[in-house]
>>> print(open('my_file-v9.cif').read())   # mmCIF, C-alpha atoms and all ligand atoms
data_data
#
loop_
_atom_site.label_atom_id
_atom_site.label_comp_id
_atom_site.auth_asym_id
_atom_site.auth_seq_id
_atom_site.Cartn_x
_atom_site.Cartn_y
_atom_site.Cartn_z
CA MET F 1 57.27 48.76 48.84
CA VAL F 2 54.64 51.52 49.14
CA ASP F 3 54.22 55.07 47.83
CA LEU F 4 52.26 56.87 50.51
CA VAL F 5 53.38 60.33 49.40
CA GLY F 6 52.28 59.68 45.82
CA GLN F 7 48.88 58.60 47.11
CA TYR F 8 48.66 61.70 49.33
CA HIS F 9 49.27 63.99 46.37
CA HIS F 10 46.14 62.65 44.65
CA ILE F 11 43.94 63.66 47.60
CA LYS F 12 46.06 66.50 48.96
CA LYS F 13 43.46 69.27 48.53
CA GLU F 14 40.76 67.36 50.39
CA VAL F 15 43.08 66.15 53.13
CA ASP F 16 44.77 69.49 53.76
CA LYS F 17 41.38 71.20 54.05
CA ALA F 18 40.02 68.57 56.46
CA ILE F 19 43.11 68.65 58.69
CA GLN F 20 42.96 72.47 58.73
CA ALA F 21 39.34 72.26 59.87
CA VAL F 22 40.25 69.91 62.74
CA LEU F 23 43.02 72.28 63.83
CA GLU F 24 40.59 75.20 63.85
CA GLN F 25 37.94 73.28 65.84
CA GLY F 26 40.24 72.23 68.65
CA HIS F 27 38.67 68.82 69.44
CA TYR F 28 41.86 66.90 68.81
CA ILE F 29 40.85 63.57 70.36
CA ASN F 30 37.47 61.91 69.84
CA GLY F 31 36.06 64.92 68.01
CA GLN F 32 32.90 64.79 65.89
CA ILE F 33 34.89 63.51 62.90
CA VAL F 34 35.86 60.39 64.87
CA LYS F 35 32.16 59.57 65.30
CA THR F 36 31.39 60.42 61.68
CA PHE F 37 34.18 58.14 60.46
CA ALA F 38 32.99 55.30 62.73
CA ARG F 39 29.41 55.61 61.38
CA ASN F 40 30.65 55.70 57.76
CA LEU F 41 32.81 52.63 58.33
CA GLU F 42 29.82 50.84 59.91
CA LYS F 43 27.88 51.51 56.71
CA TYR F 44 30.74 50.37 54.50
CA LEU F 45 31.24 47.15 56.45
CA ASP F 46 27.54 46.62 57.13
CA VAL F 47 28.30 46.03 60.81
CA LYS F 48 26.42 47.34 63.84
CA HIS F 49 29.33 48.80 65.81
CA VAL F 50 32.69 50.25 64.84
CA ILE F 51 34.74 51.34 67.82
CA PRO F 52 37.79 53.39 66.88
CA CYS F 53 40.96 52.97 68.94
CA GLY F 54 44.63 53.86 68.98
CA ASN F 55 46.13 51.11 66.79
CA GLY F 56 45.64 47.57 65.53
CA THR F 57 47.54 45.97 68.39
CA ASP F 58 45.33 47.66 70.98
CA ALA F 59 42.30 46.60 68.95
CA ILE F 60 43.16 42.92 69.46
CA GLN F 61 43.99 43.47 73.12
CA ILE F 62 40.71 45.28 73.77
CA ALA F 63 38.73 42.59 71.95
CA LEU F 64 40.33 39.93 74.16
CA MET F 65 39.76 42.03 77.30
CA ALA F 66 36.06 42.24 76.45
CA LEU F 67 35.79 38.44 76.59
CA GLU F 68 36.76 38.55 80.31
CA LEU F 69 38.85 35.39 80.12
CA SER F 70 40.83 33.94 83.05
CA PRO F 71 44.62 33.68 83.28
CA GLY F 72 45.81 30.56 81.47
CA ASP F 73 42.83 30.38 79.14
CA GLU F 74 43.90 29.44 75.65
CA VAL F 75 43.58 31.33 72.40
CA ILE F 76 44.18 29.46 69.16
CA THR F 77 45.99 31.44 66.50
CA THR F 78 48.64 31.24 63.78
CA PRO F 79 52.43 31.40 64.17
CA PHE F 80 52.71 33.04 60.74
CA THR F 81 51.58 36.60 61.43
CA PHE F 82 52.80 39.94 62.68
CA VAL F 83 53.83 39.65 66.31
CA ALA F 84 50.97 41.80 67.64
CA THR F 85 48.47 38.97 67.35
CA ALA F 86 50.28 36.67 69.79
CA GLU F 87 51.86 39.44 71.85
CA VAL F 88 48.61 40.70 73.33
CA ILE F 89 47.51 37.15 74.16
CA VAL F 90 50.62 36.68 76.32
CA LEU F 91 50.40 40.20 77.70
CA LEU F 92 46.93 39.44 79.09
CA GLY F 93 48.16 36.29 80.85
CA LEU F 94 46.46 34.06 78.29
CA LYS F 95 48.13 31.20 76.47
CA PRO F 96 48.72 31.32 72.72
CA VAL F 97 48.15 27.96 71.06
CA PHE F 98 49.42 27.88 67.51
CA VAL F 99 48.16 25.80 64.63
CA ASP F 100 50.10 25.40 61.41
CA ILE F 101 49.17 27.17 58.20
CA ASP F 102 48.06 26.20 54.73
CA PRO F 103 51.06 26.59 52.38
CA ASP F 104 49.00 27.96 49.51
CA THR F 105 47.21 30.81 51.31
CA PHE F 106 49.49 31.23 54.37
CA ASN F 107 46.31 31.29 56.48
CA MET F 108 45.53 29.05 59.45
CA ASN F 109 44.99 25.43 58.37
CA VAL F 110 41.44 24.82 59.60
CA GLU F 111 42.02 21.05 59.57
CA LYS F 112 44.45 21.53 62.47
CA ILE F 113 42.22 23.55 64.77
CA GLU F 114 40.24 20.78 66.42
CA GLU F 115 43.29 18.87 67.64
CA ALA F 116 44.52 22.07 69.33
CA ILE F 117 41.34 22.50 71.41
CA THR F 118 41.54 21.70 75.14
CA SER F 119 39.24 22.35 78.09
CA ARG F 120 40.98 25.73 78.51
CA THR F 121 40.37 26.89 74.93
CA LYS F 122 38.14 29.98 74.86
CA CYS F 123 38.79 31.70 71.58
CA ILE F 124 39.98 31.21 68.00
CA LEU F 125 41.87 34.19 66.59
CA PRO F 126 42.31 33.80 62.82
CA VAL F 127 44.39 36.35 60.90
CA HIS F 128 43.28 37.17 57.35
CA LEU F 129 46.85 37.27 56.09
CA PHE F 130 48.04 39.34 53.13
CA GLY F 131 44.47 40.33 52.18
CA GLN F 132 42.31 37.24 51.94
CA CYS F 133 40.06 35.63 54.51
CA CYS F 134 40.64 32.39 56.37
CA ASN F 135 38.09 29.66 55.86
CA MET F 136 35.59 31.30 58.21
CA GLU F 137 32.74 28.89 57.60
CA SER F 138 34.85 26.02 58.98
CA ILE F 139 36.16 28.16 61.84
CA LEU F 140 32.63 29.23 62.83
CA GLU F 141 31.41 25.66 62.67
CA ILE F 142 34.16 24.48 65.04
CA ALA F 143 33.69 27.50 67.32
CA ASN F 144 29.95 26.85 67.57
CA ARG F 145 30.48 23.20 68.32
CA TYR F 146 32.91 23.92 71.18
CA GLY F 147 31.34 27.18 72.39
CA LEU F 148 34.34 29.36 71.52
CA TYR F 149 34.64 33.02 70.67
CA VAL F 150 36.05 34.05 67.30
CA ILE F 151 38.08 37.26 66.93
CA GLU F 152 39.24 38.10 63.40
CA ASP F 153 42.51 39.99 63.09
CA ASN F 154 41.59 41.91 59.98
CA ALA F 155 44.55 44.29 59.89
CA GLN F 156 45.45 43.14 56.38
CA ALA F 157 42.12 42.41 54.69
CA ILE F 158 39.86 45.41 55.16
CA GLY F 159 37.39 45.58 52.29
CA ALA F 160 37.66 41.88 51.38
CA ASP F 161 34.35 40.08 50.85
CA TYR F 162 33.67 36.65 52.29
CA LEU F 163 31.39 34.40 50.27
CA PHE F 164 29.34 31.86 52.24
CA LYS F 165 28.22 28.57 50.68
CA ASP F 166 24.61 29.77 50.65
CA GLY F 167 25.56 32.82 48.56
CA ARG F 168 25.51 35.37 51.39
CA THR F 169 28.49 37.70 51.58
CA ALA F 170 29.99 39.60 54.50
CA LYS F 171 32.93 41.94 54.83
CA ALA F 172 36.09 40.52 56.40
CA GLY F 173 36.16 41.35 60.10
CA THR F 174 32.38 41.23 60.55
CA ILE F 175 32.01 37.44 60.54
CA GLY F 176 33.19 36.35 64.01
CA HIS F 177 32.13 37.81 67.36
CA ILE F 178 34.65 40.64 67.04
CA GLY F 179 36.87 41.90 64.23
CA THR F 180 39.88 44.15 64.65
CA THR F 181 41.86 46.26 62.23
CA SER F 182 44.87 48.54 61.95
CA PHE F 183 45.06 51.81 60.06
CA TYR F 184 48.86 51.90 60.20
CA PRO F 185 49.94 54.09 57.24
CA SER F 186 50.94 51.20 54.97
CA LYS F 187 47.77 49.16 55.56
CA ASN F 188 45.12 49.12 52.82
CA LEU F 189 43.20 51.84 54.67
CA GLY F 190 46.03 53.82 56.21
CA ALA F 191 46.08 56.90 58.41
CA TYR F 192 48.98 59.36 58.71
CA GLY F 193 49.91 57.98 62.11
CA ASP F 194 48.79 55.15 64.37
CA ALA F 195 45.09 54.21 64.39
CA GLY F 196 42.88 51.16 64.62
CA ALA F 197 39.31 49.95 65.11
CA ILE F 198 37.18 47.12 66.45
CA PHE F 199 33.98 45.81 64.83
CA THR F 200 31.12 43.78 66.28
CA ASN F 201 27.45 43.04 65.79
CA ASP F 202 27.08 42.17 69.49
CA ASP F 203 25.60 45.03 71.55
CA ASN F 204 26.99 43.76 74.87
CA LEU F 205 30.52 43.32 73.62
CA ALA F 206 30.33 46.70 71.88
CA ASP F 207 29.24 48.44 75.08
CA LYS F 208 32.09 46.83 77.01
CA MET F 209 34.67 47.80 74.39
CA VAL F 210 33.43 51.40 74.19
CA HIS F 211 34.22 51.56 77.91
CA ILE F 212 37.54 49.70 77.70
CA VAL F 213 39.08 51.95 75.01
CA ASN F 214 38.63 54.90 77.34
CA HIS F 215 39.80 53.75 80.79
CA GLY F 216 36.69 51.62 81.37
CA SER F 217 34.55 54.71 81.39
CA ARG F 218 31.71 56.00 79.29
CA THR F 219 30.65 58.78 81.61
CA LYS F 220 33.56 60.87 82.82
CA TYR F 221 35.01 59.68 86.16
CA HIS F 222 32.72 56.62 86.36
CA TYR F 223 34.68 53.40 85.83
CA HIS F 224 32.89 50.14 85.00
CA TYR F 225 35.76 48.03 83.69
CA ILE F 226 39.54 47.98 83.77
CA GLY F 227 40.37 49.77 80.59
CA VAL F 228 43.19 51.26 78.58
CA ASN F 229 43.87 54.60 76.94
CA SER F 230 43.38 53.85 73.25
CA ARG F 231 41.51 56.63 71.54
CA LEU F 232 41.53 57.79 67.93
CA ASP F 233 42.62 61.34 67.31
CA SER F 234 40.58 63.63 65.11
CA ILE F 235 43.32 64.32 62.55
CA GLN F 236 43.69 60.59 61.82
CA ALA F 237 39.91 60.21 61.67
CA CYS F 238 39.53 62.97 59.08
CA VAL F 239 42.23 61.39 56.90
CA LEU F 240 40.60 57.96 57.24
CA ASP F 241 37.13 59.32 56.48
CA ILE F 242 38.43 60.73 53.20
CA LYS F 243 40.38 57.59 52.27
CA LEU F 244 37.39 55.37 53.10
CA LYS F 245 35.61 56.91 50.09
CA TYR F 246 38.45 55.68 47.89
CA LEU F 247 38.90 52.28 49.54
CA ASP F 248 37.09 50.30 46.81
CA GLU F 249 39.01 52.17 44.12
CA TYR F 250 42.27 51.46 45.97
CA ARG F 251 41.26 47.79 46.33
CA ASP F 252 40.51 47.49 42.61
CA LYS F 253 43.89 49.03 41.76
CA ARG F 254 45.65 46.51 44.01
CA ILE F 255 43.75 43.61 42.44
CA LYS F 256 44.61 44.86 38.94
CA THR F 257 48.26 45.14 39.94
CA ALA F 258 48.15 41.57 41.30
CA ASP F 259 46.48 40.32 38.10
CA ASN F 260 49.26 41.89 36.10
CA TYR F 261 51.96 40.34 38.30
CA ASP F 262 50.22 36.97 37.86
CA ARG F 263 50.44 37.32 34.08
CA LEU F 264 54.07 38.39 34.19
CA LEU F 265 55.22 35.69 36.61
CA GLU F 266 53.00 32.66 36.15
CA ASN F 267 55.31 30.94 33.67
CA ILE F 268 58.45 31.05 35.77
CA PRO F 269 58.72 27.46 37.01
CA GLN F 270 60.79 28.34 40.11
CA ILE F 271 58.08 30.53 41.64
CA ARG F 272 54.49 30.13 42.72
CA ILE F 273 52.15 33.06 42.35
CA PRO F 274 49.65 33.69 45.19
CA LYS F 275 46.69 31.32 45.35
CA ARG F 276 43.31 32.96 45.67
CA SER F 277 40.70 31.09 47.70
CA ASN F 278 37.28 30.78 46.11
CA PHE F 279 35.38 31.82 49.28
CA THR F 280 36.97 35.26 49.61
CA THR F 281 38.15 38.16 47.53
CA HIS F 282 41.85 38.96 47.89
CA VAL F 283 42.60 42.64 48.52
CA PHE F 284 46.37 42.09 48.24
CA HIS F 285 47.78 43.86 51.24
CA GLN F 286 50.84 41.92 50.10
CA TYR F 287 51.64 40.15 46.85
CA THR F 288 53.59 37.19 48.18
CA LEU F 289 55.39 34.59 46.10
CA ARG F 290 56.93 31.30 47.08
CA CYS F 291 60.33 30.99 45.42
CA GLU F 292 63.17 28.57 44.92
CA SER F 293 66.51 29.88 46.27
CA ARG F 294 64.68 32.75 47.90
CA ASN F 295 67.68 34.27 49.69
CA GLU F 296 69.79 34.33 46.54
CA LEU F 297 66.91 35.82 44.56
CA GLN F 298 66.46 38.46 47.24
CA GLN F 299 70.15 39.33 47.10
CA TRP F 300 69.91 39.65 43.31
CA LEU F 301 66.89 41.94 43.56
CA LYS F 302 68.69 44.06 46.15
CA GLU F 303 71.68 44.45 43.88
CA ASN F 304 69.33 45.56 41.14
CA LYS F 305 67.55 48.03 43.44
CA ILE F 306 64.21 46.20 43.30
CA PRO F 307 62.31 46.69 46.58
CA ASN F 308 61.05 43.49 48.21
CA ALA F 309 60.35 42.17 51.69
CA ILE F 310 59.99 38.96 53.64
CA TYR F 311 56.80 38.60 55.65
CA TYR F 312 57.63 36.82 57.91
CA PRO F 313 61.25 35.67 58.20
CA ILE F 314 60.84 33.77 61.49
CA PRO F 315 57.51 32.30 62.66
CA LEU F 316 56.43 33.43 66.12
CA HIS F 317 56.87 30.08 67.87
CA MET F 318 60.62 30.28 67.20
CA HIS F 319 61.13 33.53 69.12
CA ASN F 320 62.23 33.26 72.74
CA PRO F 321 59.34 35.01 74.49
CA TYR F 322 56.88 32.64 72.78
CA LYS F 323 58.93 29.45 72.97
CA LYS F 324 58.31 29.02 76.66
CA HIS F 325 54.56 28.87 76.11
CA LEU F 326 54.96 25.84 73.85
CA ASN F 327 56.35 22.40 74.48
CA ASN F 328 58.97 22.47 71.76
CA GLN F 329 56.21 22.31 69.21
CA SER F 330 57.14 22.88 65.61
CA PHE F 331 55.01 24.11 62.76
CA PRO F 332 56.78 22.82 59.66
CA VAL F 333 54.61 24.55 57.07
CA ALA F 334 55.05 27.97 58.69
CA GLU F 335 58.77 27.28 58.99
CA SER F 336 59.14 26.31 55.36
CA CYS F 337 57.06 29.29 54.17
CA SER F 338 59.26 31.65 56.16
CA GLU F 339 62.18 30.30 54.12
CA ASN F 340 60.64 30.70 50.68
CA VAL F 341 58.22 33.67 50.76
CA LEU F 342 59.00 36.94 49.06
CA SER F 343 56.67 39.93 48.81
CA LEU F 344 56.87 42.36 45.89
CA PRO F 345 55.85 46.02 45.92
CA ILE F 346 52.09 46.46 45.63
CA HIS F 347 50.28 49.72 46.21
CA THR F 348 47.84 52.11 44.60
CA GLU F 349 50.48 54.07 42.69
CA LEU F 350 52.55 51.27 41.14
CA PRO F 351 52.86 51.70 37.34
CA LYS F 352 52.69 48.68 35.01
CA LYS F 353 56.12 49.59 33.71
CA SER F 354 57.68 49.10 37.15
CA GLN F 355 56.01 45.71 37.38
CA SER F 356 57.55 44.67 34.05
CA ILE F 357 60.99 45.75 35.27
CA ILE F 358 60.50 43.82 38.52
CA SER F 359 59.37 40.66 36.75
CA SER F 360 62.13 40.80 34.15
CA HIS F 361 64.73 40.95 36.95
CA ILE F 362 63.19 37.86 38.53
CA GLU F 363 63.21 36.09 35.17
CA LYS F 364 66.80 37.10 34.56
CA TYR F 365 67.82 35.69 37.92
CA TYR F 366 66.44 32.24 37.18
CA ASN F 367 67.78 32.22 33.61
CA ARG F 368 71.34 33.12 34.53
C1 LIG Y 401 49.67 45.65 61.33
C2 LIG Y 401 49.15 44.47 62.00
C3 LIG Y 401 48.78 44.49 63.37
C4 LIG Y 401 49.08 45.63 64.28
O1 LIG Y 401 48.61 46.86 63.93
P1 LIG Y 401 49.28 48.19 64.54
O2 LIG Y 401 48.33 49.25 64.13
O3 LIG Y 401 50.62 48.34 63.92
O4 LIG Y 401 49.34 48.04 66.01
C5 LIG Y 401 48.21 43.35 63.91
N1 LIG Y 401 48.02 42.24 63.18
C6 LIG Y 401 48.39 42.17 61.88
C7 LIG Y 401 48.14 40.91 61.13
C8 LIG Y 401 48.98 43.26 61.26
O5 LIG Y 401 49.35 43.18 59.98
#
>>> encode(input="my_file-v9.cif", output="structure tokens")
Amino acid sequence: MVDLVGQYHHIKKEVDKAIQAVLEQGHYINGQIVKTFARNLEKYLDVKHVIPCGNGTDAIQIALMALELSPGDEVITTPFTFVATAEVIVLLGLKPVFVDIDPDTFNMNVEKIEEAITSRTKCILPVHLFGQCCNMESILEIANRYGLYVIEDNAQAIGADYLFKDGRTAKAGTIGHIGTTSFYPSKNLGAYGDAGAIFTNDDNLADKMVHIVNHGSRTKYHYHYIGVNSRLDSIQACVLDIKLKYLDEYRDKRIKTADNYDRLLENIPQIRIPKRSNFTTHVFHQYTLRCESRNELQQWLKENKIPNAIYYPIPLHMHNPYKKHLNNQSFPVAESCSENVLSLPIHTELPKKSQSIISSHIEKYYNR
């Protein structure tokens, strides 16, 4: 699905030199390069504060901790996401409240948010799934009306641009009160280990989160909040700082790859190519189709050694640890998507020839 080694070989000289320098300096956690990377990412995103942390799951947890919510407070999110999003909500003693998704974009259906709001609702946590933003203008409007926080889980859409109705643009993750991201190796901006970050334009929230990532402390041995240990190490930061320079180039390669898939696949009546919303660019963390007879197609692709994956095979509300937080609610669109989605390989090193082979196998399957 990805070719991380191939990508490394294109930047090997730079990366090897930077890692060597970190090893020689000896500041292995929170060294100068961590600060440099954070400042460079602030510039790229045009956001006031980037706070590096240990991974994308911690990033969401820390963002929620900064809101100082009470046990039982409700956070509205999607059941069609990686587990981390809902996991940290439950872990903090908060209640996840799911709303169903839009079948075309797989993102939270904003029409369903208002009916999920109760007197305990404190936060909306949209996930910009597969690389394109949720309808943030609608989400912000609802959040403003009900006085709710908005945290964007931007683990999959770093570098995407959101286009407001008035023509303004903003980078994904910088639109709500807090944005979070993951630099897991296969993400669009990937480290060579675990890493993550939190973004905000709010000075108070930023100050709190700078404390929380490091045991609630900014000055050694002075503790102002209950915190966690979630720091970024210097080796990951130096890799990320190099890859950040290539992020737009990587994004453009992914979009080109997606365009080419669109051309190759758009005329196969049994599949639907990804829909791109007009208020956001799509940075294609995943290229995800909806297909007839998905399981049989997947089996066929397996037999023909074509890599593919299902994100996500079972929506979160159907897993036991989450079931008990819901009153037997069902989310039919998420359920049906989990039965017909199929993601194809997409990464910065994928040759056009491989795409033609992949698409011809899909075509062959339906024409058998
Ligand atoms: C990857 C991912 C996370 C978690 O990031 P980690 O760095 O693996 O902890 C959270 N949310 C979404 C949507 C993700 O894709």
>>> closest_residue(input="my_file-v9.cif", among="F:Cys337, F:Ile268, F:Ile198, F:Leu129", to="ligand LIG 401 (chain Y)", atoms="only C-alpha atoms and all ligand atoms")
F:Leu129
>>> closest_residue(input="my_file-v9.cif", among="F:Ser182, F:Thr174, F:Gln132, F:Thr77", to="ligand LIG 401 (chain Y)", atoms="only C-alpha atoms and all ligand atoms")
F:Ser182
>>> residues_near_ligand(input="my_file-v9.cif", ligand="ligand LIG 401 (chain Y)", cutoff="9 Å", atoms="only C-alpha atoms and all ligand atoms", output="count of residues only")
34
>>> closest_residue(input="my_file-v9.cif", among="F:Val210, F:Ala21, F:Ile51, F:Ile151", to="His224 in chain F", atoms="only C-alpha atoms")
F:Val210
>>> closest_residue(input="my_file-v9.cif", among="F:Phe331, F:Ala206, F:Val2, F:Ile124", to="Ala309 in chain F", atoms="all atoms listed in the file")
F:Val2
>>> closest_residue(input="my_file-v9.cif", among="F:His282, F:His319, F:His211, F:His361", to="Cys134 in chain F", atoms="all atoms listed in the file")
F:His282
>>> residues_near_point(input="my_file-v9.cif", point="(37.4, 54.9, 48.3)", cutoff="12 Å", atoms="only C-alpha atoms", output="list in words")
Ile11, Asn40, Leu41, Tyr44, Ile158, Gly159, Asn188, Leu189, Gly190, Val239, Leu240, Asp241, Ile242, Lys243, Leu244, Lys245, Tyr246, Leu247, Asp248, Glu249, Tyr250, Arg251, Asp252, Lys253 and Thr348 of chain F
>>> closest_residue(input="my_file-v9.cif", among="F:Met318, F:Ile235, F:Leu297, F:Leu92", to="Val15 in chain F", atoms="only C-alpha atoms")
F:Ile235
>>> atom_distance(input="my_file-v9.cif", atom1="CA of Leu148 in chain F", atom2="CA of Lys95 in chain F")
14.8 Å
>>> atom_distance(input="my_file-v9.cif", atom1="CA of Ile62 in chain F", atom2="CA of Val213 in chain F")
7.0 Å
>>> atom_distance(input="my_file-v9.cif", atom1="CA of Leu94 in chain F", atom2="CA of Pro315 in chain F")
19.2 Å
>>> residues_around(input="my_file-v9.cif", residues="Arg263 in chain F", least_positions_apart="4", cutoff="12 Å", atoms="all atoms listed in the file", output="list of chain:residue names")
F:Lys256, F:Thr257, F:Ala258, F:Asp259, F:Asn267, F:Ile268, F:Arg272, F:Ile273, F:Pro274, F:Lys352, F:Gln355, F:Ser356, F:Ser359
>>> residues_near_point(input="my_file-v9.cif", point="(64.2, 30.6, 47.7)", cutoff="12 Å", atoms="all atoms listed in the file", output="mmCIF file with C-alpha atoms, in the frame of the given file")
data_model
loop_
_atom_site.group_PDB
_atom_site.id
_atom_site.type_symbol
_atom_site.label_atom_id
_atom_site.label_comp_id
_atom_site.auth_asym_id
_atom_site.auth_seq_id
_atom_site.Cartn_x
_atom_site.Cartn_y
_atom_site.Cartn_z
ATOM 1 C CA GLN F 270 60.790 28.340 40.110
ATOM 2 C CA ILE F 271 58.080 30.530 41.640
ATOM 3 C CA ARG F 272 54.490 30.130 42.720
ATOM 4 C CA LEU F 289 55.390 34.590 46.100
ATOM 5 C CA ARG F 290 56.930 31.300 47.080
ATOM 6 C CA CYS F 291 60.330 30.990 45.420
ATOM 7 C CA GLU F 292 63.170 28.570 44.920
ATOM 8 C CA SER F 293 66.510 29.880 46.270
ATOM 9 C CA ARG F 294 64.680 32.750 47.900
ATOM 10 C CA ASN F 295 67.680 34.270 49.690
ATOM 11 C CA GLU F 296 69.790 34.330 46.540
ATOM 12 C CA LEU F 297 66.910 35.820 44.560
ATOM 13 C CA GLN F 298 66.460 38.460 47.240
ATOM 14 C CA GLN F 299 70.150 39.330 47.100
ATOM 15 C CA TRP F 300 69.910 39.650 43.310
ATOM 16 C CA ILE F 310 59.990 38.960 53.640
ATOM 17 C CA SER F 336 59.140 26.310 55.360
ATOM 18 C CA CYS F 337 57.060 29.290 54.170
ATOM 19 C CA SER F 338 59.260 31.650 56.160
ATOM 20 C CA GLU F 339 62.180 30.300 54.120
ATOM 21 C CA ASN F 340 60.640 30.700 50.680
ATOM 22 C CA VAL F 341 58.220 33.670 50.760
ATOM 23 C CA LEU F 342 59.000 36.940 49.060
ATOM 24 C CA ILE F 362 63.190 37.860 38.530
ATOM 25 C CA TYR F 365 67.820 35.690 37.920
ATOM 26 C CA TYR F 366 66.440 32.240 37.180
#
>>> residues_around(input="my_file-v9.cif", residues="Asp100 in chain F", least_positions_apart="5", cutoff="10 Å", atoms="only C-alpha atoms", output="ChimeraX atom specification")
/F:77-80,106-113,330-335
>>> residues_around(input="my_file-v9.cif", residues="Leu205 in chain F", least_positions_apart="4", cutoff="8 Å", atoms="all atoms listed in the file", output="list in words")
Ala66, Leu67, Thr200 and Met209 of chain F
>>> residues_around(input="my_file-v9.cif", residues="Ile33 in chain F", least_positions_apart="2", cutoff="10 Å", atoms="only C-alpha atoms", output="PDB file with C-alpha atoms, in the coordinates of the input")
ATOM      1  CA  ALA F  18      40.020  68.570  56.460  1.00  0.00           C
ATOM      2  CA  VAL F  22      40.250  69.910  62.740  1.00  0.00           C
ATOM      3  CA  HIS F  27      38.670  68.820  69.440  1.00  0.00           C
ATOM      4  CA  TYR F  28      41.860  66.900  68.810  1.00  0.00           C
ATOM      5  CA  ILE F  29      40.850  63.570  70.360  1.00  0.00           C
ATOM      6  CA  ASN F  30      37.470  61.910  69.840  1.00  0.00           C
ATOM      7  CA  GLY F  31      36.060  64.920  68.010  1.00  0.00           C
ATOM      8  CA  LYS F  35      32.160  59.570  65.300  1.00  0.00           C
ATOM      9  CA  THR F  36      31.390  60.420  61.680  1.00  0.00           C
ATOM     10  CA  PHE F  37      34.180  58.140  60.460  1.00  0.00           C
ATOM     11  CA  ALA F  38      32.990  55.300  62.730  1.00  0.00           C
ATOM     12  CA  ARG F  39      29.410  55.610  61.380  1.00  0.00           C
ATOM     13  CA  ASP F 233      42.620  61.340  67.310  1.00  0.00           C
ATOM     14  CA  SER F 234      40.580  63.630  65.110  1.00  0.00           C
ATOM     15  CA  ILE F 235      43.320  64.320  62.550  1.00  0.00           C
ATOM     16  CA  GLN F 236      43.690  60.590  61.820  1.00  0.00           C
ATOM     17  CA  ALA F 237      39.910  60.210  61.670  1.00  0.00           C
ATOM     18  CA  CYS F 238      39.530  62.970  59.080  1.00  0.00           C
ATOM     19  CA  VAL F 239      42.230  61.390  56.900  1.00  0.00           C
ATOM     20  CA  LEU F 240      40.600  57.960  57.240  1.00  0.00           C
ATOM     21  CA  ASP F 241      37.130  59.320  56.480  1.00  0.00           C
TER      22      ASP F 241
END
>>> residues_around(input="my_file-v9.cif", residues="Arg120 in chain F", least_positions_apart="4", cutoff="8 Å", atoms="only C-alpha atoms", output="JSON, numbers by chain")
{"F": [72, 73, 74]}
